[in-house]
Amino acid sequence: MTAENLHKIDTSKLDEIINQYGGKKSNLIAILQKVQEVYRYLPEDAMIYIGTKMEGLSPATVFGVATFYAQFSLEPKGKYEVKVCDGTACHVRGSMPVLTAIKARLDLKDGQMTTNDGLFSLETVSCLGACGLAPVVVINGKVYPQMTSDAIKIVLDTLLKEEA
Amino acid sequence: MDLNINILEEQKRAQDDIKSQGLRVLVCAGTGCVANGSLKVIEKFKSLGADVSVLTDYDKMTIVPTGCHGFCEQGVLVVIPDKHVTYVKVKETDVEEIYESHIRNNKPVERLLYVDPKTHEHVMDDEHINFYAKQTRTALANCGNINAESIDEAIAVGGYEALAKVLTEGNPDEVIDTIEKSGLRGRGGGGFPTGRKWRFTAANRGGKSYVVCNGDEGDPGAFMDRSVMEGDPHKLLEGIAIAAFAVGADEAYIYVRAEYPLAIKRLRKAIADAEARHYLGDKILGSDFNLTIHIKEGAGAFVCGEETALIASIEGERGMPRPKPPFPANKGLFGRPTLINNVETLANVPVIIRKGADWFSSMGTETSKGTKTFALTGEVNNTGLIEVPMGTTLRQIVFDIGGGIRGGKKFKAVQIGGPSGGCLTEEHLDIPMDYDSLIKAGAMVGSGGLVVMAEDTCIVEVARFFMNFTQNESCGKCVPCREGTKNMLRILEKIVAGKGEMKDLETLEELAQSVKDGSLCGLGKTAPNPVLSTLKYFRDEYIAHIKDKKCPAGVCTAMKKIVIMPELCKGCTKCARNCPVGAIEGSIKQPHKIDQEKCIKCEACLTNCPFKAIVLE
């Protein structure tokens with residue numbers, strides 16, 4: 001554990017979350033969801049701490065669960081979490097051109113998830129259940145319906161202007 | 001058993017309550033309509049309704065935020081039942097006009113009515129909108145008609161009446177008999193007879209056992225469970241309570257996808273409200289029956305829709321399937337007997353108890369009883385959530401309810417049952433949609449996702465899309481599924497990239513069989529279905545990609561080229577400004593040129609060119 005990381009992880013906050021769920025290992029997923037809400041990702045030190053502290057778990061088990069579920073991220077997500085739905089309905093109605101437009105606007109290389117300034121992170125999700133509005137993009141929980149490559153650029157431009 | 005809460009009295013009180021609300025204006029507050037701004041519409045209505053003295057026929061107006069009406073694409077939907085009107089695509093700025101013109105002066109606002117895509121006529125209400133008129137709603141009966149966050153409104157339309165009935169009669173075996181006799185089969189995809197599943201679990205009565213409701217609706221293109229959870233949460237809770245009573249469980253879990261935050265919020269509120277009124281919790285309705293319902297949020301893994309993987313996930317582990325036997329009915333959650341049913345299955349239970357097994361089995365076909373919800377999406381005029389009797393034909397669904405294909409395009413196929421299902425083509429338009437007919441046609445009901453594809457959808461690309469999905473979601477436990485899906489995907493990618501060879505088709509079929517035979521759970525066993533069914537019905541399209549290096553639908557980017565015709569280009573620079581990757585160069589008033597190396601073939605230039613100077617080669 002590096003000195004820098006020690007500053008970042010507030011173990012009392014982790015204890016609070018673990019206790020909130022009764023320290024039960026069946027609540028591991030819920031605990032990790034809370035931790036991710038705090039840090040916007042799962043810091044390695046937090047996973048090690050939880051795996052050591054909670055009964056019946058090991059850091060390896062925690063890491064195993066964290067890497068199994070798509071919702072968990074081991075690298076920091078952006079201030080704005082952009083999710084492009086690529087469910088069947090969205091795919092058939094053109095979610096890929098929207099994704100390409102976002103990558104181009106945010107200057108994200110293939111395989112890169114978060115922008116260099118940490119402002120935006122981009123991921124595709126399988127289905128948000130809003131198929132009637134396809135294609136759909138969700139930014140920090142807000143649903144943007146019937147997107148096109150032009151429309152999403154306007155949305156991103158507005159957010160970028162607010163941040164400038 | 002005598003109950004100390006008289007549900008019929010409660011019902012009467014709740015109904016009187018609704019009557020006293022005056023003119024009810026229902027505004028959809030499902031995920032789709034909220035995205036289209038329904039919360040603002042609700043606020044605006046509320047601000048207008050403050051002055052009740054101006055209403056003519058009513059002494060007051062009540063704005064009711066409801067669950068999903070199903071007609072998501074036409075949202076925001078505003079329904080005023082007493083005025084027999086359904087308004088579509090309502091914006092905040094339209095509210096005042098509806099209020100002034102229709103609510104106060106009885107003059108409907110024509111421009112906000114639904115326009116029939118075939119006759120181009122304005123249609124006033126649900127009874128005349130084909131999308132609704134041709135449906136039979138049971139699981140979705142209340143979705144969109146009641147305030148989803150009010151327990152009283154649920155009670156007014158019969159909520160908890162069935163639970164009170166089974167608790168009064170006090171005979172769990174009789175409940176199982178009724179469900180078995182109704183012919184209800186699992187709505188999550190498998191189609192296993194529900195009553196039989198209950199009986200297996202009930203055989204282990206006596207010790208600790210659980211009911212688990214599977215709300216991990218992971219099939220891309222299906223959202224019926226979301227609608228039930230958001231629009232009529234009490235019906236689901238009642239169904240769970242009846243199931244728990246029947247099998248002898250006192251604890252239940254609802255496993256909901258994390259992608260459904262609104263459903264989670266409404267379920268939490270519904271559980272708290274029901275516990276406060278003693279419809280859940282200890283000594284339900286004054287009986288000896290206790291039930292605690294927990295919510296478990298999923299974390300994004302499609303395989304968790306498989307029942308043993310879902311159990312592992314509730315236990316806090318990696319959601320990997322476990323071999324069966326032992327079946328969950330004997331050894332499930334935390335090693336105890338567990339009944340697992342899907343949301344839609346459980347939502348059918350209260351109405352079966354209330355109206356009887358015969359009423360339910362009078363709908364549907366010989367082996368598939370009752371109604372089924374389908375999520376109708378893709379290239380169809382009316383997209384949304386529908387519910388029809390089992391056995392309704394695909395033609396009725398796509399062309400009557402769905403209003404036909406968008407933009408006058410030609411029907412090509414319907415993908416049914418998501419990544420586990422298959423394609424149905426023109427020749428299947430008249431087969432009855434039930435469990436067994438669909439299996440015979442090489443598809444399956446699955447969860448009920450129906451994605452309509454038109455002539456400009458590339459079937460090979462769709463097969464690649466589904467394989468990419470299952471490959472991503474394969475949990476990695478079994479080698480055939482983990483490696484087989486990967487290799488199948490690699491071949492499909494090769495074909496859509498224009499680098500396929502004829503022998504690839506044989507390899508695909510061979511791999512498909514191995515994955516089907518050698519996988520432990522439903523995910524692997526069904527993963528090759530989309531490839532097999534498209535190979536069967538659209539083999540010539542695969543061959544066109546391989547031999548002629550052509551995509552007949554004009555979709556596969558590797559095989560297309562976008563060019564500017566210099567004789568038509570006026571040099572307006574619009575395309576260059578629209579290009580997301582800066583691939584278009586040229587000076588103003590001079591013909592522009594596309595750099596094919598940079599071009600990502602997004603067609604942004606093509607759709608925006610005012611002179612139609614850009615074409616697809």
# chains A, B, ... in the order shown; residues from 1 in each chain; ligands from 1
>>> residues_around(residues="A:Glu37", least_positions_apart="2", cutoff="12 Å", atoms="only C-alpha atoms", output="ChimeraX atom specification")
/A:13-14,17,30-35,39-43,71-73,76-77,79,140
>>> residues_around(residues="stretch 125-134 of chain A", least_positions_apart="2", cutoff="7 Å", atoms="only C-alpha atoms", output="compact mmCIF listing (two decimals) with C-alpha atoms, in the first residue's frame")
# COMPACT_ATOMS: atom_id res chain seq x y z
CA LYS A 83 -23.93 4.95 -20.93
CA VAL A 84 -24.88 4.10 -24.47
CA CYS A 85 -27.54 1.42 -24.67
CA ASP A 86 -26.65 -1.26 -27.19
CA GLY A 87 -29.62 -3.52 -26.56
CA ALA A 89 -33.78 -2.32 -30.18
CA CYS A 90 -31.18 0.43 -29.81
CA ARG A 93 -32.11 1.74 -34.65
CA GLU A 123 -19.48 2.56 -21.61
CA VAL A 136 -31.05 5.72 -25.74
CA PRO A 145 -34.26 9.38 -25.80
CA GLN A 146 -34.09 8.87 -29.58
CA THR B 31 -39.11 5.28 -17.34
CA GLY B 32 -39.91 6.12 -20.97
CA CYS B 72 -43.53 4.41 -24.78
CA GLU B 73 -42.71 5.84 -28.15
CA PRO B 220 -31.85 -6.90 -24.49
CA GLY B 221 -35.11 -5.70 -25.97
CA ALA B 222 -37.44 -6.89 -23.20
CA PHE B 223 -38.93 -4.65 -20.54
CA GLU B 259 -30.34 -0.71 -14.41
CA THR B 377 -39.56 -2.92 -30.77
CA THR B 383 -43.31 0.22 -30.46
CA GLY B 384 -44.16 -0.59 -26.90
>>> select_by_dssp(residues="chain A", states="strand (DSSP E)", output="list in words")
Tyr80, Glu81, Val82, Lys83, Val84, Cys85, Phe120, Ser121, Leu122, Glu123, Thr124, Val125, Val137, Val138, Ile139, Lys142, Val143 and Tyr144 of chain A
>>> select_by_dssp(residues="stretch 6-55 of chain A", states="alpha helix (DSSP H)", output="VMD selection string")
chain A and resid 6 to 8 11 to 20 28 to 39 44 to 53
>>> closest_residue(among="B:Thr367, B:Ser227, B:Asn142, B:Asn342", to="chain A", atoms="only C-alpha atoms")
B:Ser227
>>> residues_around(residues="B:Phe466", least_positions_apart="6", cutoff="9 Å", atoms="only C-alpha atoms", output="compact mmCIF listing (two decimals) with N, CA and C atoms, in the first residue's frame")
# COMPACT_ATOMS: atom_id res chain seq x y z
N THR A 88 -30.85 -4.77 -28.23
CA THR A 88 -31.23 -5.08 -29.61
C THR A 88 -31.98 -3.93 -30.29
N GLY B 418 -34.77 -12.81 -27.67
CA GLY B 418 -33.44 -12.25 -27.39
C GLY B 418 -32.31 -13.16 -27.80
N PRO B 419 -31.20 -13.10 -27.05
CA PRO B 419 -30.00 -13.84 -27.44
C PRO B 419 -30.17 -15.36 -27.35
N SER B 420 -31.28 -15.82 -26.76
CA SER B 420 -31.51 -17.26 -26.68
C SER B 420 -32.46 -17.71 -27.77
N ALA B 527 -27.19 -20.11 -26.60
CA ALA B 527 -26.40 -19.05 -27.25
C ALA B 527 -26.29 -19.21 -28.77
N PRO B 530 -29.48 -17.88 -32.26
CA PRO B 530 -29.62 -16.84 -33.30
C PRO B 530 -28.80 -17.17 -34.56
N VAL B 531 -27.62 -17.76 -34.38
CA VAL B 531 -26.80 -18.11 -35.54
C VAL B 531 -27.45 -19.25 -36.33
>>> closest_residue(among="A:Gly118, A:Gly78, A:Pro97, A:Gly56", to="chain B", atoms="only C-alpha atoms")
A:Pro97
>>> residues_around(residues="A:Met47", least_positions_apart="3", cutoff="9 Å", atoms="only C-alpha atoms", output="list in words")
Leu32, Leu42, Pro43, Glu44, Ile50, Gly51, Thr52, Pro59, Ala60, Val62, Phe63 and Ala66 of chain A
>>> write_last_selection(atoms="all heavy atoms", output="tab-separated table (two decimals), in the first residue's frame")
chain	number	residue	atom	x	y	z
A	32	LEU	N	-20.14	-3.36	-2.03
A	32	LEU	CA	-19.29	-2.85	-3.10
A	32	LEU	C	-20.01	-1.75	-3.89
A	32	LEU	O	-19.39	-0.77	-4.33
A	32	LEU	CB	-18.86	-3.98	-4.05
A	32	LEU	CG	-17.93	-5.04	-3.45
A	32	LEU	CD1	-17.60	-6.12	-4.47
A	32	LEU	CD2	-16.64	-4.42	-2.92
A	42	LEU	N	-13.92	1.14	-7.63
A	42	LEU	CA	-13.51	0.35	-6.47
A	42	LEU	C	-11.98	0.42	-6.35
A	42	LEU	O	-11.26	-0.28	-7.06
A	42	LEU	CB	-13.96	-1.10	-6.63
A	42	LEU	CG	-15.47	-1.36	-6.64
A	42	LEU	CD1	-15.76	-2.83	-6.88
A	42	LEU	CD2	-16.11	-0.90	-5.34
A	43	PRO	N	-11.47	1.25	-5.44
A	43	PRO	CA	-10.03	1.33	-5.27
A	43	PRO	C	-9.51	-0.01	-4.73
A	43	PRO	O	-10.18	-0.66	-3.92
A	43	PRO	CB	-9.84	2.42	-4.22
A	43	PRO	CG	-11.16	3.13	-4.13
A	43	PRO	CD	-12.20	2.15	-4.53
A	44	GLU	N	-8.35	-0.42	-5.21
A	44	GLU	CA	-7.79	-1.71	-4.81
A	44	GLU	C	-7.67	-1.83	-3.30
A	44	GLU	O	-8.02	-2.84	-2.70
A	44	GLU	CB	-6.40	-1.87	-5.46
A	44	GLU	CG	-5.87	-3.28	-5.34
A	44	GLU	CD	-4.55	-3.44	-6.09
A	44	GLU	OE1	-4.42	-2.88	-7.18
A	44	GLU	OE2	-3.67	-4.15	-5.56
A	50	ILE	N	-11.82	-4.59	2.71
A	50	ILE	CA	-13.08	-5.31	2.91
A	50	ILE	C	-12.82	-6.82	3.01
A	50	ILE	O	-13.35	-7.50	3.89
A	50	ILE	CB	-14.07	-5.01	1.75
A	50	ILE	CG1	-14.50	-3.56	1.81
A	50	ILE	CG2	-15.30	-5.92	1.82
A	50	ILE	CD1	-15.19	-3.06	0.56
A	51	GLY	N	-11.97	-7.33	2.13
A	51	GLY	CA	-11.66	-8.76	2.12
A	51	GLY	C	-10.96	-9.22	3.38
A	51	GLY	O	-11.10	-10.38	3.79
A	52	THR	N	-10.19	-8.35	3.98
A	52	THR	CA	-9.47	-8.72	5.21
A	52	THR	C	-10.38	-8.59	6.41
A	52	THR	O	-10.39	-9.42	7.32
A	52	THR	CB	-8.25	-7.79	5.40
A	52	THR	OG1	-7.65	-7.56	4.13
A	52	THR	CG2	-7.24	-8.39	6.34
A	59	PRO	N	-9.35	-11.07	0.24
A	59	PRO	CA	-9.24	-10.06	-0.83
A	59	PRO	C	-9.47	-10.68	-2.22
A	59	PRO	O	-10.06	-10.05	-3.09
A	59	PRO	CB	-7.80	-9.56	-0.68
A	59	PRO	CG	-7.49	-9.74	0.76
A	59	PRO	CD	-8.21	-11.01	1.16
A	60	ALA	N	-9.05	-11.93	-2.39
A	60	ALA	CA	-9.22	-12.58	-3.69
A	60	ALA	C	-10.70	-12.77	-4.02
A	60	ALA	O	-11.12	-12.56	-5.16
A	60	ALA	CB	-8.50	-13.93	-3.71
A	62	VAL	N	-13.20	-10.96	-2.92
A	62	VAL	CA	-13.77	-9.64	-3.20
A	62	VAL	C	-13.41	-9.22	-4.62
A	62	VAL	O	-14.25	-8.74	-5.38
A	62	VAL	CB	-13.26	-8.59	-2.18
A	62	VAL	CG1	-13.78	-7.20	-2.53
A	62	VAL	CG2	-13.69	-8.98	-0.78
A	63	PHE	N	-12.14	-9.43	-4.98
A	63	PHE	CA	-11.69	-9.08	-6.32
A	63	PHE	C	-12.45	-9.90	-7.36
A	63	PHE	O	-12.85	-9.39	-8.41
A	63	PHE	CB	-10.18	-9.33	-6.41
A	63	PHE	CG	-9.56	-8.81	-7.67
A	63	PHE	CD1	-9.32	-7.45	-7.82
A	63	PHE	CD2	-9.22	-9.67	-8.69
A	63	PHE	CE1	-8.76	-6.96	-8.99
A	63	PHE	CE2	-8.66	-9.18	-9.87
A	63	PHE	CZ	-8.43	-7.83	-10.02
A	66	ALA	N	-15.89	-8.46	-7.70
A	66	ALA	CA	-15.83	-7.12	-8.33
A	66	ALA	C	-15.59	-7.22	-9.83
A	66	ALA	O	-16.12	-6.43	-10.60
A	66	ALA	CB	-14.72	-6.29	-7.68
>>> closest_residue(among="A:Met54, A:Met147, A:Leu108, A:Val65", to="A:Asn19", atoms="only C-alpha atoms")
A:Met54
>>> residues_around(residues="B:Gly186", least_positions_apart="3", cutoff="9 Å", atoms="only C-alpha atoms", output="tab-separated table (two decimals) with N, CA and C atoms, in the first residue's frame")
chain	number	residue	atom	x	y	z
B	189	GLY	N	-39.01	-17.54	-19.66
B	189	GLY	CA	-38.34	-18.10	-20.82
B	189	GLY	C	-38.45	-19.61	-20.91
B	190	GLY	N	-38.32	-20.26	-19.79
B	190	GLY	CA	-38.30	-21.72	-19.80
B	190	GLY	C	-39.65	-22.36	-20.08
B	191	GLY	N	-40.71	-21.74	-19.60
B	191	GLY	CA	-42.05	-22.26	-19.83
B	191	GLY	C	-42.39	-23.48	-18.99
B	192	PHE	N	-41.69	-23.64	-17.86
B	192	PHE	CA	-41.98	-24.78	-16.98
B	192	PHE	C	-43.31	-24.55	-16.26
B	193	PRO	N	-44.15	-25.61	-16.13
B	193	PRO	CA	-45.44	-25.42	-15.45
B	193	PRO	C	-45.27	-24.90	-14.02
B	194	THR	N	-45.87	-23.75	-13.75
B	194	THR	CA	-45.67	-23.07	-12.47
B	194	THR	C	-46.19	-23.90	-11.30
B	341	ASN	N	-39.56	-17.80	-9.24
B	341	ASN	CA	-40.45	-17.48	-10.35
B	341	ASN	C	-40.11	-16.10	-10.89
B	342	ASN	N	-40.43	-15.92	-12.15
B	342	ASN	CA	-40.20	-14.65	-12.81
B	342	ASN	C	-41.30	-13.64	-12.43
B	344	GLU	N	-43.31	-11.68	-14.23
B	344	GLU	CA	-44.59	-11.78	-14.94
B	344	GLU	C	-45.40	-12.99	-14.48
B	345	THR	N	-44.70	-14.10	-14.22
B	345	THR	CA	-45.39	-15.30	-13.72
B	345	THR	C	-46.13	-14.96	-12.43
B	346	LEU	N	-45.42	-14.33	-11.49
B	346	LEU	CA	-46.03	-14.03	-10.20
B	346	LEU	C	-47.14	-12.98	-10.32
>>> closest_residue(among="A:Tyr80, A:Phe120, A:Tyr49, A:Tyr21", to="chain B", atoms="only C-alpha atoms")
A:Tyr21
>>> residues_around(residues="B:Met433", least_positions_apart="3", cutoff="10 Å", atoms="only C-alpha atoms", output="list in words")
Gly364, Thr365, Ser368, Lys372, Val388, Pro389, Met390, Gly391, Thr392, Thr393, Leu394, Ile397, His428, Leu429, Asp430, Asp436, Ser437, Leu438, Ile439, Met444 and Val445 of chain B
>>> write_last_selection(atoms="N, CA, C and O atoms", output="CSV table (one decimal), in the first residue's frame")
chain,number,residue,atom,x,y,z
B,364,GLY,N,-55.8,-18.6,-24.6
B,364,GLY,CA,-54.6,-19.2,-25.1
B,364,GLY,C,-54.8,-20.5,-25.9
B,364,GLY,O,-56.0,-20.7,-26.4
B,365,THR,N,-53.8,-21.3,-26.0
B,365,THR,CA,-53.9,-22.5,-26.8
B,365,THR,C,-53.9,-23.8,-25.9
B,365,THR,O,-53.9,-23.7,-24.7
B,368,SER,N,-50.5,-23.8,-24.1
B,368,SER,CA,-50.0,-22.5,-23.5
B,368,SER,C,-51.2,-21.7,-23.1
B,368,SER,O,-51.9,-21.2,-24.0
B,372,LYS,N,-49.7,-13.4,-22.7
B,372,LYS,CA,-48.3,-13.2,-22.6
B,372,LYS,C,-47.9,-11.7,-23.0
B,372,LYS,O,-48.5,-11.2,-24.0
B,388,VAL,N,-51.1,-10.1,-25.1
B,388,VAL,CA,-52.1,-10.8,-26.0
B,388,VAL,C,-52.3,-12.2,-25.5
B,388,VAL,O,-51.4,-12.8,-24.8
B,389,PRO,N,-53.4,-12.8,-25.8
B,389,PRO,CA,-53.6,-14.2,-25.5
B,389,PRO,C,-52.5,-15.0,-26.2
B,389,PRO,O,-52.1,-14.7,-27.3
B,390,MET,N,-52.1,-16.1,-25.5
B,390,MET,CA,-51.1,-17.0,-26.1
B,390,MET,C,-51.7,-17.5,-27.4
B,390,MET,O,-53.0,-17.8,-27.4
B,391,GLY,N,-51.0,-17.7,-28.5
B,391,GLY,CA,-51.5,-18.2,-29.7
B,391,GLY,C,-51.9,-17.1,-30.7
B,391,GLY,O,-52.3,-17.5,-31.8
B,392,THR,N,-51.8,-15.9,-30.3
B,392,THR,CA,-52.0,-14.8,-31.3
B,392,THR,C,-50.9,-14.9,-32.3
B,392,THR,O,-49.8,-15.3,-32.0
B,393,THR,N,-51.2,-14.6,-33.6
B,393,THR,CA,-50.2,-14.8,-34.6
B,393,THR,C,-49.3,-13.6,-34.7
B,393,THR,O,-49.6,-12.5,-34.2
B,394,LEU,N,-48.1,-13.8,-35.2
B,394,LEU,CA,-47.1,-12.8,-35.4
B,394,LEU,C,-47.7,-11.7,-36.3
B,394,LEU,O,-47.4,-10.5,-36.1
B,397,ILE,N,-49.7,-9.3,-34.4
B,397,ILE,CA,-48.9,-8.5,-33.5
B,397,ILE,C,-48.2,-7.4,-34.3
B,397,ILE,O,-48.2,-6.2,-33.9
B,428,HIS,N,-43.5,-17.5,-41.2
B,428,HIS,CA,-44.0,-17.8,-39.9
B,428,HIS,C,-45.1,-16.8,-39.4
B,428,HIS,O,-45.5,-16.9,-38.3
B,429,LEU,N,-45.4,-15.9,-40.3
B,429,LEU,CA,-46.3,-14.8,-39.8
B,429,LEU,C,-47.6,-15.4,-39.3
B,429,LEU,O,-48.3,-14.7,-38.4
B,430,ASP,N,-48.1,-16.5,-39.7
B,430,ASP,CA,-49.4,-17.0,-39.3
B,430,ASP,C,-49.3,-18.2,-38.3
B,430,ASP,O,-50.4,-18.8,-38.0
B,436,ASP,N,-44.9,-24.1,-27.6
B,436,ASP,CA,-44.5,-25.3,-28.4
B,436,ASP,C,-44.4,-25.0,-29.9
B,436,ASP,O,-43.4,-25.5,-30.6
B,437,SER,N,-45.3,-24.1,-30.5
B,437,SER,CA,-45.1,-23.8,-31.9
B,437,SER,C,-43.8,-23.1,-32.2
B,437,SER,O,-43.2,-23.3,-33.2
B,438,LEU,N,-43.4,-22.2,-31.3
B,438,LEU,CA,-42.2,-21.5,-31.5
B,438,LEU,C,-41.0,-22.4,-31.4
B,438,LEU,O,-40.0,-22.2,-32.2
B,439,ILE,N,-41.0,-23.3,-30.5
B,439,ILE,CA,-39.8,-24.2,-30.4
B,439,ILE,C,-39.7,-25.0,-31.7
B,439,ILE,O,-38.6,-25.2,-32.3
B,444,MET,N,-38.0,-19.4,-29.7
B,444,MET,CA,-38.6,-19.6,-28.4
B,444,MET,C,-39.3,-18.3,-27.9
B,444,MET,O,-39.0,-17.2,-28.3
B,445,VAL,N,-40.3,-18.5,-27.0
B,445,VAL,CA,-41.0,-17.3,-26.5
B,445,VAL,C,-40.0,-16.5,-25.7
B,445,VAL,O,-39.9,-15.3,-25.8
>>> residues_around(residues="stretch 123-125 of chain B", least_positions_apart="6", cutoff="6 Å", atoms="only C-alpha atoms", output="list in words")
His84, Val85, Thr86 and Tyr114 of chain B
>>> closest_atom_pairs(of="stretch 79-161 of chain A", to="stretch 578-593 of chain B", cutoff="8 Å", atoms="only C-alpha atoms", output="Markdown table")
| residue | atom | partner | partner_atom | distance |
| --- | --- | --- | --- | --- |
| A:Ala101 | CA | B:Pro580 | CA | 6.0 |
| A:Ala104 | CA | B:Pro580 | CA | 6.0 |
| A:Arg105 | CA | B:Pro580 | CA | 7.0 |
| A:Asp150 | CA | B:Asn578 | CA | 7.9 |
